[in-house]
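Data from coords.txt: compact mmCIF, C-alpha atoms
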```
# COMPACT_ATOMS: atom_id res chain seq x y z
CA MET A 1 0.00 0.00 0.00
CA LYS A 2 1.38 3.38 -1.02
CA PRO A 3 1.85 5.82 1.84
CA ASN A 4 -0.63 8.67 1.83
CA LYS A 5 0.42 12.29 1.98
CA ASN A 6 -0.35 12.66 5.68
CA SER A 7 1.57 9.59 6.76
CA ILE A 8 4.71 10.65 4.89
CA GLU A 9 4.33 14.16 6.33
CA ASP A 10 4.04 12.81 9.86
CA PHE A 11 7.02 10.56 9.25
CA THR A 12 9.13 13.51 8.01
CA LYS A 13 8.05 15.62 11.00
CA PHE A 14 9.22 12.85 13.31
CA ILE A 15 12.52 12.57 11.47
CA MET A 16 13.17 16.30 11.40
CA ASN A 17 12.33 16.60 15.10
CA GLU A 18 14.96 14.00 15.78
CA ALA A 19 17.51 15.66 13.51
CA ARG A 20 19.63 18.37 14.97
CA LEU A 21 21.06 21.61 13.75
CA GLU A 22 24.76 21.39 13.04
CA LYS A 23 26.99 23.33 15.40
CA PRO A 24 29.70 25.60 14.03
CA SER A 25 32.95 26.17 15.93
CA ALA A 26 32.85 27.87 19.34
CA ASP A 27 34.56 31.02 18.08
CA PHE A 28 32.25 31.39 15.09
CA VAL A 29 30.76 34.73 16.17
CA ASP A 30 34.19 36.13 17.10
CA SER A 31 35.58 35.12 13.71
CA VAL A 32 32.72 36.80 11.88
CA MET A 33 33.03 39.99 13.94
CA GLY A 34 36.80 39.91 13.39
CA LYS A 35 36.30 39.72 9.63
CA ILE A 36 33.75 42.54 9.84
CA SER A 37 36.11 44.77 11.81
CA LEU A 38 38.75 44.19 9.14
CA GLU A 39 36.25 45.15 6.46
CA THR A 40 35.18 48.31 8.26
CA ARG A 41 38.71 49.49 9.05
CA PRO A 42 39.24 52.78 7.22
CA VAL A 43 41.32 52.26 4.14
CA ILE A 44 44.42 54.44 4.23
CA LYS A 45 44.76 55.89 0.79
CA SER A 46 48.17 57.00 -0.36
CA VAL A 47 47.96 60.73 -0.82
CA TYR A 48 50.06 62.24 -3.54
CA LYS A 49 52.56 64.67 -2.07
CA PRO A 50 54.72 66.61 -4.48
CA LEU A 51 58.39 66.91 -3.60
CA ILE A 52 58.16 70.69 -3.75
CA SER A 53 54.99 72.01 -2.21
CA ILE A 54 52.92 74.84 -3.64
CA SER A 55 54.07 77.19 -0.87
CA SER A 56 57.71 76.34 -1.68
CA TRP A 57 57.07 77.05 -5.35
CA PHE A 58 55.51 80.36 -4.31
CA ILE A 59 58.56 81.32 -2.23
CA ILE A 60 60.89 80.33 -5.10
CA ALA A 61 58.82 82.40 -7.54
CA VAL A 62 58.89 85.40 -5.21
CA ILE A 63 62.69 85.13 -4.88
CA ILE A 64 63.15 84.87 -8.67
CA VAL A 65 60.81 87.79 -9.34
CA ALA A 66 62.49 89.85 -6.64
CA PHE A 67 65.93 89.00 -8.07
CA CYS A 68 64.86 89.89 -11.61
CA ALA A 69 63.28 93.10 -10.37
CA TYR A 70 66.47 93.91 -8.51
CA LEU A 71 68.57 93.25 -11.60
CA ILE A 72 66.32 95.38 -13.80
CA SER A 73 66.12 98.23 -11.33
CA GLY A 74 69.81 97.89 -10.44
CA ASN A 75 70.98 98.47 -14.05
CA SER A 76 70.21 102.13 -13.86
CA ASN A 77 72.53 102.98 -10.97
CA GLN A 78 75.03 100.07 -11.30
CA SER A 79 74.21 98.45 -8.01
CA SER A 80 77.16 97.97 -5.77
CA LEU A 81 76.20 94.42 -4.79
CA ILE A 82 77.32 92.75 -8.01
CA SER A 83 80.41 94.92 -8.25
CA LEU A 84 81.40 93.72 -4.79
CA ILE A 85 81.72 90.14 -6.04
CA ASN A 86 85.17 89.58 -7.42
CA ILE A 87 84.87 87.37 -10.48
CA SER A 88 88.21 88.23 -11.98
CA PHE A 89 89.36 84.60 -11.52
CA LEU A 90 87.09 83.67 -14.42
CA ASN A 91 89.37 85.57 -16.75
CA LYS A 92 92.17 83.19 -15.88
CA ILE A 93 90.16 80.24 -17.15
CA ASN A 94 90.04 80.11 -20.89
CA LEU A 95 86.48 78.82 -21.36
CA ASN A 96 86.87 78.54 -25.10
CA THR A 97 89.61 75.97 -24.88
CA VAL A 98 88.74 74.15 -21.67
CA PHE A 99 86.67 71.47 -23.44
CA GLU A 100 89.04 71.12 -26.38
CA SER A 101 91.51 69.24 -24.25
CA ILE A 102 88.92 66.60 -23.37
CA HIS A 103 88.82 63.76 -25.87
CA LEU A 104 86.13 61.14 -25.46
CA PRO A 105 86.05 57.93 -27.45
CA ASN A 106 83.12 57.59 -29.84
CA LEU A 107 81.88 54.47 -28.10
CA PHE A 108 81.71 56.31 -24.79
CA SER A 109 79.74 59.12 -26.38
CA ILE A 110 77.23 56.72 -27.92
CA VAL A 111 76.81 54.81 -24.65
CA PHE A 112 76.47 58.06 -22.70
CA ILE A 113 73.76 59.39 -25.03
CA PHE A 114 71.98 56.05 -24.99
CA PHE A 115 72.14 55.96 -21.19
CA THR A 116 70.79 59.50 -20.97
CA VAL A 117 67.88 58.63 -23.26
CA LEU A 118 67.09 55.60 -21.10
CA VAL A 119 67.16 57.68 -17.90
CA ILE A 120 64.76 60.22 -19.41
CA PHE A 121 62.50 57.43 -20.63
CA GLN A 122 62.57 55.81 -17.19
CA MET A 123 61.66 59.09 -15.56
CA PHE A 124 58.52 59.35 -17.70
CA ALA A 125 57.68 55.69 -17.15
CA ILE A 126 58.01 56.00 -13.37
CA LYS A 127 55.99 59.22 -13.37
CA ASN A 128 53.19 57.56 -15.37
CA TYR A 129 53.27 54.52 -13.07
CA PHE A 130 52.89 56.63 -9.93
CA ASN A 131 50.20 58.74 -11.52
CA SER A 132 48.17 55.66 -12.44
CA THR A 133 48.67 54.19 -8.95
CA ILE A 134 47.35 57.36 -7.36
CA LYS A 135 44.37 57.40 -9.73
CA ASN A 136 43.55 53.77 -8.85
CA ASN A 137 43.75 54.49 -5.13
CA ASP A 138 41.46 57.47 -5.49
CA SER A 139 38.78 55.58 -7.41
CA MET B 1 17.94 35.66 25.90
CA ASN B 2 17.20 38.50 23.51
CA THR B 3 13.62 38.95 22.40
CA LYS B 4 14.07 42.02 20.24
CA PRO B 5 13.15 41.66 16.56
CA ASP B 6 15.82 41.47 13.87
CA GLU B 7 14.89 44.95 12.65
CA TYR B 8 16.10 46.42 15.95
CA TYR B 9 19.60 44.96 15.52
CA ILE B 10 19.66 45.89 11.84
CA THR B 11 18.87 49.52 12.67
CA GLN B 12 21.44 49.53 15.46
CA THR B 13 24.09 48.16 13.11
CA LEU B 14 23.23 50.68 10.42
CA ASN B 15 23.53 53.43 13.02
CA GLY B 16 27.13 52.43 13.62
CA ASN B 17 26.79 49.92 16.46
CA VAL B 18 28.72 47.08 14.79
CA ASN B 19 28.38 44.84 17.85
CA ALA B 20 24.60 44.71 17.36
CA PHE B 21 25.27 42.57 14.32
CA ALA B 22 26.79 39.92 16.60
CA PHE B 23 23.28 39.19 17.95
CA LEU B 24 22.12 38.37 14.44
CA VAL B 25 25.17 36.18 13.87
CA GLU B 26 24.51 34.35 17.13
CA LYS B 27 20.85 33.87 16.26
CA TYR B 28 21.32 32.47 12.77
CA LYS B 29 24.72 30.77 12.93
CA HIS B 30 23.37 27.25 13.54
CA MET B 31 20.78 27.47 10.80
CA LEU B 32 23.21 28.94 8.29
CA TYR B 33 25.85 26.36 9.11
CA THR B 34 23.34 23.50 8.83
CA LEU B 35 22.21 24.86 5.47
CA THR B 36 25.72 25.21 4.04
CA ILE B 37 27.10 21.93 5.37
CA GLY B 38 24.19 20.18 3.68
CA ILE B 39 25.33 21.54 0.34
CA VAL B 40 29.12 21.49 0.50
CA LYS B 41 29.33 18.41 2.78
CA ASN B 42 32.51 19.68 4.38
CA ARG B 43 32.74 21.26 7.83
CA GLU B 44 35.64 23.65 7.14
CA GLU B 45 34.16 24.90 3.90
CA ALA B 46 30.71 25.23 5.45
CA GLU B 47 32.13 27.28 8.31
CA GLU B 48 33.98 29.58 5.92
CA ILE B 49 30.95 30.03 3.67
CA SER B 50 28.70 30.75 6.67
CA GLN B 51 31.13 33.33 8.02
CA ASP B 52 31.57 34.97 4.63
CA SER B 53 27.80 35.06 4.17
CA PHE B 54 27.43 37.00 7.41
CA VAL B 55 30.21 39.39 6.35
CA LYS B 56 28.54 39.87 2.96
CA ALA B 57 25.20 40.51 4.66
CA TYR B 58 26.87 43.07 6.92
CA LYS B 59 28.48 44.87 3.97
CA ASN B 60 25.17 44.99 2.10
CA LEU B 61 22.95 45.63 5.09
CA ALA B 62 22.11 49.13 3.88
CA SER B 63 20.62 47.63 0.71
CA PHE B 64 18.41 45.24 2.72
CA LYS B 65 14.96 46.73 2.14
CA GLY B 66 13.08 44.59 4.61
CA ASP B 67 10.65 43.30 1.98
CA SER B 68 11.44 39.80 3.19
CA LYS B 69 12.66 38.49 6.54
CA PHE B 70 16.33 39.00 7.38
CA SER B 71 16.60 35.22 7.74
CA THR B 72 15.28 34.64 4.21
CA TRP B 73 17.77 37.17 2.88
CA ILE B 74 20.80 35.68 4.62
CA TYR B 75 19.80 32.10 3.78
CA LYS B 76 19.69 33.14 0.14
CA ILE B 77 23.21 34.61 0.37
CA ALA B 78 24.53 31.42 2.01
CA TYR B 79 22.67 29.15 -0.42
CA TYR B 80 24.17 30.75 -3.51
CA ALA B 81 27.63 31.00 -1.92
CA SER B 82 27.48 27.26 -1.21
CA LEU B 83 26.37 26.46 -4.75
CA ASP B 84 29.28 28.53 -6.07
CA VAL B 85 31.71 26.46 -4.02
CA VAL B 86 30.18 23.19 -5.21
CA LYS B 87 30.36 24.43 -8.81
CA ARG B 88 33.96 25.61 -8.36
CA ASN B 89 35.05 22.30 -6.88
CA LYS B 90 33.03 20.42 -9.51
CA ARG B 91 32.01 18.05 -6.78
CA ILE B 92 29.88 15.15 -7.84
CA VAL B 93 26.82 15.07 -5.68
CA PHE B 94 25.46 11.66 -4.94
CA LEU B 95 21.80 11.55 -5.80
CA GLU B 96 19.54 9.03 -4.16
CA ASN B 97 16.86 7.38 -6.21
CA ILE B 98 13.38 7.23 -4.84
CA ASP B 99 12.89 3.73 -3.70
CA THR B 100 9.43 2.31 -3.51
CA ILE B 101 8.22 2.86 -0.01
CA ASN B 102 4.88 1.97 1.48
CA GLU B 103 2.90 2.72 4.60
CA ALA B 104 4.27 -0.36 6.40
CA ASP B 105 7.85 0.68 5.57
CA LEU B 106 7.31 4.06 7.18
CA GLU B 107 6.10 2.47 10.41
CA SER B 108 8.88 -0.07 10.35
CA VAL B 109 11.58 2.56 9.82
CA GLN B 110 10.08 4.75 12.54
CA ASP B 111 10.00 1.82 14.98
CA SER B 112 13.55 0.84 14.14
CA LEU B 113 14.74 4.40 14.68
CA LYS B 114 13.01 4.55 18.05
CA CYS B 115 14.91 1.45 19.10
CA LEU B 116 18.23 3.18 18.54
CA GLU B 117 20.05 5.18 21.18
CA GLU B 118 19.25 8.88 20.92
CA LYS B 119 22.78 9.80 19.82
CA GLU B 120 22.89 7.07 17.22
CA ARG B 121 19.41 7.94 15.99
CA LYS B 122 20.39 11.57 15.40
CA GLU B 123 23.56 10.43 13.66
CA VAL B 124 21.62 8.16 11.29
CA ILE B 125 19.07 10.85 10.50
CA ASN B 126 21.68 13.57 9.89
CA ASN B 127 23.66 11.28 7.63
CA ALA B 128 20.50 10.45 5.70
CA LEU B 129 19.77 14.16 5.30
CA LEU B 130 23.29 14.70 3.96
CA ARG B 131 22.63 12.12 1.25
CA LEU B 132 19.72 14.10 -0.15
CA PRO B 133 20.31 16.32 -3.19
CA ASN B 134 21.28 19.87 -2.19
CA GLU B 135 18.09 21.61 -3.19
CA GLU B 136 15.84 19.09 -1.48
CA ARG B 137 17.87 19.10 1.71
CA VAL B 138 17.73 22.88 1.82
CA ILE B 139 13.96 22.81 1.31
CA LEU B 140 13.49 20.30 4.13
CA THR B 141 15.84 22.21 6.43
CA LEU B 142 14.12 25.54 5.85
CA PHE B 143 10.64 24.05 6.04
CA TYR B 144 11.08 22.02 9.20
CA PHE B 145 13.89 23.72 11.12
CA GLU B 146 13.12 27.32 10.34
CA ASP B 147 9.37 26.98 9.72
CA LEU B 148 9.63 29.04 6.56
CA SER B 149 6.55 29.06 4.35
CA ILE B 150 6.62 27.70 0.79
CA LYS B 151 6.57 31.31 -0.44
CA GLU B 152 9.61 32.24 1.64
CA ILE B 153 11.52 29.13 0.56
CA SER B 154 10.76 29.99 -3.07
CA LYS B 155 12.42 33.38 -2.48
CA VAL B 156 15.54 31.75 -1.02
CA ILE B 157 16.17 29.23 -3.76
CA ASN B 158 14.50 31.11 -6.57
CA LEU B 159 12.01 28.47 -7.66
CA SER B 160 8.26 28.68 -8.15
CA GLU B 161 6.01 27.78 -5.23
CA ASP B 162 4.56 24.83 -7.15
CA ASN B 163 8.06 23.57 -7.84
CA ILE B 164 8.92 23.84 -4.14
CA LYS B 165 5.79 21.85 -3.23
CA VAL B 166 6.74 19.07 -5.64
CA LYS B 167 10.33 19.00 -4.44
CA LEU B 168 9.20 18.99 -0.80
CA PHE B 169 7.05 15.95 -1.45
CA ARG B 170 9.82 14.19 -3.35
CA SER B 171 12.37 15.01 -0.66
CA ARG B 172 10.15 13.48 2.03
CA LYS B 173 9.88 10.28 0.01
CA LYS B 174 13.60 10.24 -0.72
CA LEU B 175 14.44 10.74 2.93
CA ALA B 176 12.18 7.86 3.88
CA SER B 177 13.81 5.68 1.20
CA ILE B 178 17.31 6.51 2.36
CA LEU B 179 16.39 5.77 5.97
CA LYS B 180 14.76 2.51 4.94
CA TYR B 181 17.94 1.56 3.11
CA VAL B 182 20.12 2.53 6.08
CA ILE B 183 17.97 0.93 8.77
CA GLU B 184 17.02 -2.23 6.93
CA PRO B 185 19.90 -3.01 4.59
CA ARG B 186 19.35 -6.73 4.75
CA THR B 187 15.73 -6.43 3.69
CA VAL B 188 16.72 -4.24 0.76
CA ASP B 189 19.46 -6.66 -0.29
CA LEU B 190 16.98 -9.53 -0.40
CA ILE B 191 14.72 -7.54 -2.74
```

Using structure tokens, write down the structure from this file.
Amino acid sequence: MKPNKNSIEDFTKFIMNEARLEKPSADFVDSVMGKISLETRPVIKSVYKPLISISSWFIIAVIIVAFCAYLISGNSNQSSLISLINISFLNKINLNTVFESIHLPNLFSIVFIFFTVLVIFQMFAIKNYFNSTIKNNDS
Amino acid sequence: MNTKPDEYYITQTLNGNVNAFAFLVEKYKHMLYTLTIGIVKNREEAEEISQDSFVKAYKNLASFKGDSKFSTWIYKIAYYASLDVVKRNKRIVFLENIDTINEADLESVQDSLKCLEEKERKEVINNALLRLPNEERVILTLFYFEDLSIKEISKVINLSEDNIKVKLFRSRKKLASILKYVIEPRTVDLI
């Protein structure tokens, strides 16, 4: 005889009453809360800091402007400040011939130029890398 | 023993009291663990999935509208997380065939189970539940342990109510068949 719907329902009720809920580990709640605290910890974003700050650039600009202004205004009365600096030793150095005595092999020149190009390229590459890193951190 | 509704702890958590969420974890940890272990059949994995489900629920708590119960929502998270793990591991799930079972078999199985020691009885029943297909075990667990309605179960596992009813009936029969096989192996062998 096939079991009717009620009998199979009663049977399942009996079985499920006898079954038990599985028990997770004792530190289950602590582990979850630990994971949550890690998730909620404020993410420290790397903030881009330029080597020379805006205020430094401002001070440098002021100094340059002041120096230029001083030079321009000083031309009229031949300021004494520049005349006080003794640069007569420069006359002793013959600037026109100082580099003539240096002879570099062609290979060295080629390697030096190549090296310089690589350094410049690397500078741009590093700059782009840091810029993209900062953008990723911000997003 | 806390008697406050889930909504109270949800609001507290959303207002910045993270510890309020621990009450919800404490309340649903057994149910979630039972649900996941039934699918992945591995204690360590089930524990990890259950924990991650709670963390996911916490992270998305603000998006929980309250249209359904919190329990339904978190069971759904755990259910799909477990299925993902099963899929990832490409685990072959052993499916039990429905054996022919009659009224007399039910009584016989029930009597045999009653004769067993309580601990052994629970062991046999839990092992039988683990041998059910994932979906059917989840349906039985939610229906009998958590007293969820057919409508609520359909929200958790994303099946129609009619489909849930059919699967519930099939799962009852399968469970009875498995228990019959476990309790009376000699009888089955003779057939």

May I have a table of the residues of chain B lying at most 7 Å from chain A, giving each one's closest pair of atoms and their distance in Å to one decimal, counting all atoms listed in the file, ordered by chain and ascending residue number, as JSON lines?
```
{"residue": "B:Ala22", "atom": "CA", "partner": "A:Val29", "partner_atom": "CA", "distance": 6.5}
{"residue": "B:Val25", "atom": "CA", "partner": "A:Val29", "partner_atom": "CA", "distance": 6.2}
{"residue": "B:Glu26", "atom": "CA", "partner": "A:Val29", "partner_atom": "CA", "distance": 6.3}
{"residue": "B:His30", "atom": "CA", "partner": "A:Lys23", "partner_atom": "CA", "distance": 5.7}
{"residue": "B:Met31", "atom": "CA", "partner": "A:Leu21", "partner_atom": "CA", "distance": 6.6}
{"residue": "B:Tyr33", "atom": "CA", "partner": "A:Pro24", "partner_atom": "CA", "distance": 6.3}
{"residue": "B:Thr34", "atom": "CA", "partner": "A:Glu22", "partner_atom": "CA", "distance": 4.9}
{"residue": "B:Glu47", "atom": "CA", "partner": "A:Pro24", "partner_atom": "CA", "distance": 6.4}
{"residue": "B:Gln51", "atom": "CA", "partner": "A:Val32", "partner_atom": "CA", "distance": 5.4}
{"residue": "B:Phe54", "atom": "CA", "partner": "A:Val32", "partner_atom": "CA", "distance": 6.9}
{"residue": "B:Val55", "atom": "CA", "partner": "A:Ile36", "partner_atom": "CA", "distance": 5.9}
{"residue": "B:Ile101", "atom": "CA", "partner": "A:Lys2", "partner_atom": "CA", "distance": 6.9}
{"residue": "B:Asn102", "atom": "CA", "partner": "A:Lys2", "partner_atom": "CA", "distance": 4.5}
{"residue": "B:Glu103", "atom": "CA", "partner": "A:Pro3", "partner_atom": "CA", "distance": 4.3}
{"residue": "B:Leu106", "atom": "CA", "partner": "A:Phe11", "partner_atom": "CA", "distance": 6.8}
{"residue": "B:Lys122", "atom": "CA", "partner": "A:Ala19", "partner_atom": "CA", "distance": 5.3}
{"residue": "B:Ile125", "atom": "CA", "partner": "A:Ala19", "partner_atom": "CA", "distance": 5.9}
{"residue": "B:Asn126", "atom": "CA", "partner": "A:Ala19", "partner_atom": "CA", "distance": 5.9}
{"residue": "B:Tyr144", "atom": "CA", "partner": "A:Met16", "partner_atom": "CA", "distance": 6.5}
{"residue": "B:Arg172", "atom": "CA", "partner": "A:Thr12", "partner_atom": "CA", "distance": 6.1}
```

Pick the closest to Asn163 in chain B from B:Val86, B:Ala57, B:Ala20, B:Ile139: which is it, counting all atoms listed in the file? B:Ile139

Could you work out how far CA of Lys127 in chain A lies from CA of Ile113 in chain A, giving the answer in Å with one decimal?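 Between CA of Ile113 in chain A and CA of Lys127 in chain A the gap is 21.3 Å.
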
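Counting from CA of Leu24 in chain B, the distance to CA of Thr141 in chain B is 19.1 Å.
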
What separates CA of Ser171 in chain B and CA of Leu129 in chain B is a distance of 9.5 Å

From the list B:Tyr181, B:Lys65, B:Ala176, B:Ser71, the nearest residue to Glu107 in chain B using only C-alpha atoms is B:Ala176

Residue nearest Asn158 in chain B - candidates B:Gln12, B:Ser50, B:Ser82, B:Thr72, atoms counted: all atoms listed in the file: B:Thr72

Which residue out of B:Glu48, B:Asp84, B:Ile178, B:Tyr58 has the minimum interatomic distance to Ala128 in chain B when all atoms listed in the file are used?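 Closest to Ala128 in chain B, using all atoms listed in the file: B:Ile178.
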
Please list as a list in words every residue within 8 Å of Tyr79 in chain B, counting only C-alpha atoms and excluding residues in the same chain fewer than 6 positions away. Leu35, Thr36, Val156 and Ile157 of chain B
